[in-house]
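Have a look at protein_18.txt; it's compact mmCIF, C-alpha atoms:
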```
# COMPACT_ATOMS: atom_id res chain seq x y z
CA MET A 897 0.00 0.00 0.00
CA GLU A 898 1.38 3.39 -0.93
CA SER A 899 0.31 6.99 -0.94
CA HIS A 900 -0.95 7.93 -4.38
CA ALA A 901 -2.69 11.04 -5.77
CA GLY A 902 -4.05 12.21 -2.40
CA GLY A 903 -5.22 8.73 -1.46
CA TYR A 904 -3.76 5.24 -1.22
CA ARG A 905 -3.47 2.23 -3.47
CA TRP A 906 -2.63 -1.42 -3.04
CA SER A 907 -0.75 -3.15 -5.86
CA LEU A 908 0.07 -6.71 -6.74
CA ASP A 909 2.92 -7.19 -9.21
CA GLY A 910 2.60 -3.56 -10.28
CA GLU A 911 -1.16 -3.74 -10.92
CA GLU A 912 -3.57 -1.78 -8.72
CA VAL A 913 -6.05 -4.06 -6.95
CA VAL A 914 -7.66 -1.64 -4.49
CA SER A 915 -7.50 2.12 -3.94
CA ALA A 916 -8.73 4.49 -1.24
CA VAL A 917 -9.89 8.09 -1.35
CA GLY A 918 -10.90 10.38 1.47
CA HIS A 919 -13.78 12.86 1.43
CA ASP A 920 -16.14 14.50 3.92
CA GLY A 921 -14.38 12.94 6.92
CA ARG A 922 -14.55 9.37 5.64
CA TRP A 923 -12.48 7.08 3.44
CA ASP A 924 -13.71 4.72 0.73
CA VAL A 925 -11.82 1.58 -0.25
CA ILE A 926 -12.57 0.97 -3.94
CA ASP A 927 -12.23 -2.32 -5.80
CA SER A 928 -10.16 -1.61 -8.91
CA ASP A 929 -11.86 -4.29 -11.04
CA SER A 930 -15.43 -3.11 -10.48
CA GLY A 931 -14.81 0.52 -9.53
CA LYS A 932 -17.28 0.07 -6.67
CA VAL A 933 -16.78 1.08 -3.05
CA ALA A 934 -16.06 -2.07 -1.05
CA VAL A 935 -15.63 -0.52 2.43
CA THR A 936 -16.17 2.90 3.96
CA LEU A 937 -14.19 4.00 7.04
CA ILE A 938 -15.69 6.57 9.38
CA GLY A 939 -13.87 7.89 12.43
CA THR A 940 -15.94 8.35 15.59
CA ASP A 941 -15.15 9.99 18.90
CA GLU A 942 -16.71 8.21 21.87
CA GLU A 943 -16.46 8.59 25.64
CA ASN A 944 -13.88 5.83 25.89
CA GLY A 945 -11.78 6.96 22.91
CA ASN A 946 -11.74 7.02 19.14
CA ARG A 947 -13.13 4.17 17.08
CA ILE A 948 -13.26 3.57 13.37
CA ALA A 949 -16.46 2.19 11.85
CA MET A 950 -15.88 -0.12 8.87
CA VAL A 951 -18.92 -0.45 6.65
CA ASP A 952 -18.36 -3.47 4.39
CA HIS A 953 -20.63 -2.92 1.39
CA ARG A 954 -19.78 -6.26 -0.25
CA HIS A 955 -20.81 -8.39 2.72
CA ARG A 956 -23.39 -5.95 4.11
CA ALA A 957 -21.66 -5.95 7.47
CA VAL A 958 -20.36 -3.40 9.92
CA ALA A 959 -17.25 -3.81 12.03
CA THR A 960 -15.43 -1.44 14.36
CA PHE A 961 -11.70 -0.96 14.80
CA ILE A 962 -10.99 -0.14 18.44
CA PRO A 963 -7.46 1.04 19.25
CA THR A 964 -5.98 -0.76 22.28
CA PRO A 965 -2.46 0.62 22.62
CA GLU A 966 -1.34 -1.63 25.46
CA GLY A 967 1.87 -3.61 25.09
CA ALA A 968 2.06 -5.13 21.62
CA SER A 969 -1.66 -4.67 21.00
CA ILE A 970 -2.63 -2.03 18.43
CA GLY A 971 -6.34 -2.73 18.21
CA LEU A 972 -9.28 -5.07 17.87
CA VAL A 973 -11.82 -5.42 15.09
CA ARG A 974 -15.26 -6.26 16.48
CA ASP A 975 -18.45 -7.12 14.62
CA SER A 976 -21.85 -5.52 15.23
CA HIS A 977 -22.50 -8.04 18.05
CA ASP A 978 -19.25 -6.95 19.78
CA ARG A 979 -17.49 -10.25 18.98
CA VAL A 980 -13.78 -10.02 18.21
CA LEU A 981 -13.12 -10.72 14.53
CA MET A 982 -9.43 -9.76 14.43
CA ALA A 983 -6.62 -8.61 16.66
CA VAL A 984 -3.92 -6.28 15.37
CA ARG A 985 -0.56 -6.62 17.10
CA ALA A 986 2.80 -4.94 16.71
CA ASP A 987 5.86 -7.03 15.94
CA GLY A 988 8.93 -4.95 16.62
CA PRO A 989 9.28 -1.34 15.53
CA THR A 990 7.85 -1.77 12.01
CA GLY A 991 5.92 -5.05 11.86
CA VAL A 992 2.20 -5.72 12.30
CA HIS A 993 0.24 -8.98 12.49
CA VAL A 994 -3.50 -9.26 11.87
CA VAL A 995 -4.81 -12.43 13.53
CA ASP A 996 -8.34 -13.84 13.63
CA ASN A 997 -10.11 -15.07 16.77
CA ASP A 998 -8.87 -18.62 16.06
CA GLY A 999 -5.24 -17.50 16.05
CA ARG A 1000 -4.74 -17.72 12.27
CA VAL A 1001 -2.57 -15.01 10.74
CA LEU A 1002 -4.66 -13.09 8.21
CA ALA A 1003 -2.06 -10.55 7.17
CA LEU A 1004 1.43 -9.31 7.88
CA ALA A 1005 2.42 -5.69 7.36
CA SER A 1006 5.69 -3.84 7.52
CA ARG A 1007 6.21 -0.11 7.78
CA HIS A 1008 9.68 -0.21 6.32
CA ARG A 1009 9.47 3.40 5.13
CA PRO A 1010 9.02 5.47 8.31
CA ASN A 1011 9.39 8.83 6.54
CA GLN A 1012 6.96 7.96 3.75
CA ARG A 1013 3.33 7.00 3.74
CA GLY A 1014 2.62 3.39 2.98
CA LEU A 1015 3.36 -0.16 4.05
CA ASP A 1016 4.02 -3.58 2.63
CA LEU A 1017 1.06 -5.89 3.15
CA LEU A 1018 0.96 -9.65 2.74
CA VAL A 1019 -2.56 -11.09 2.91
CA THR A 1020 -2.36 -14.78 3.75
CA ARG A 1021 -4.62 -17.47 2.30
CA ALA A 1022 -6.60 -17.40 5.56
CA GLY A 1023 -7.03 -13.62 5.22
CA ALA A 1024 -8.15 -13.87 1.60
CA SER A 1025 -10.72 -16.54 2.41
CA ARG A 1026 -11.97 -14.87 5.61
CA ASN A 1027 -12.66 -11.31 4.44
CA GLU A 1028 -9.94 -9.71 2.38
CA THR A 1029 -11.95 -6.47 2.18
CA ILE A 1030 -11.75 -5.89 5.93
CA VAL A 1031 -8.04 -6.79 5.92
CA PHE A 1032 -7.47 -3.97 3.41
CA ALA A 1033 -9.60 -1.67 5.57
CA VAL A 1034 -7.53 -2.53 8.66
CA SER A 1035 -4.28 -1.74 6.84
CA LEU A 1036 -5.72 1.60 5.69
CA THR A 1037 -6.93 2.35 9.22
CA LEU A 1038 -3.43 1.79 10.61
CA GLU A 1039 -1.88 4.12 8.04
CA LEU A 1040 -4.55 6.82 8.48
CA MET A 1041 -4.15 6.69 12.27
CA ARG A 1042 -0.36 6.88 11.98
CA ASN A 1043 -0.60 9.95 9.75
CA GLU A 1044 -3.54 11.48 11.67
CA GLN A 1045 -5.72 11.49 8.56
CA LEU A 1046 -8.80 9.85 10.07
CA VAL A 1047 -10.09 12.28 12.61
CA PRO A 1048 -13.68 12.15 13.87
```
How does this structure look as structure tokens?
Amino acid sequence: MESHAGGYRWSLDGEEVVSAVGHDGRWDVIDSDSGKVAVTLIGTDEENGNRIAMVDHRHRAVATFIPTPEGASIGLVRDSHDRVLMAVRADGPTGVHVVDNDGRVLALASRHRPNQRGLDLLVTRAGASRNETIVFAVSLTLELMRNEQLVP
């Protein structure tokens, strides 16, 4: 994932697979094949801290990214019934793991370019079969939070 034309894009072998654009306080993750919005991210400010709503248009589902900056934990993704779908954990100064509630690694990310916007993202087979759309949304959420671009 890299910063591109005021937004972000994910590429595979040089071909764009997903892009993201921000407008009116929210961010849309757009499928490059169909041109349709797959997920919308909306920052919220609640009594117990900021949260990011993830509206998954493909699966007609809503999830919430809740930052939990304690130890290696970065955050949790919970469904609309408050069940944990994914945990996001730091691995050293630049690494990130996205793990499902069964302990399977869904994605690995590396922020190898600290002075630039973007990260390397590897979506595992488990991540692709579970819900690749939300994995992309989580990676975008991390980058937007790091660069203070998703403010409620």
Between A:Ala983, A:Ala934, A:Leu1002, A:Leu1038, which one has atoms that come closest to Arg1021 in chain A, using only C-alpha atoms? A:Leu1002
Check the smallest atom-to-atom distance from each of A:Ile926, A:Val914, A:Ala1005, A:Leu1040 to Thr1020 in chain A using all atoms listed in the file, then report the winner.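 Under the stated criterion, the closest residue is A:Ala1005.
The residue that comes closest to Arg1026 in chain A, out of A:Leu908, A:Val992, A:Leu1046, A:Met982 and on the basis of all atoms listed in the file, is A:Met982.
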Test item: which residues lie within 7 Å of (-11.6, -5.7, -8.2) counting all atoms listed in the file, as a PyMOL selection string: chain A and resi 913-914+927-930
Could you check how far CA of Trp906 in chain A sits from CA of His919 in chain A, in Å to one decimal? 18.7 Å
Atomic distance CA of Ala916 in chain A - CA of Leu1004 in chain A, expressed in Å with one decimal: 19.4 Å
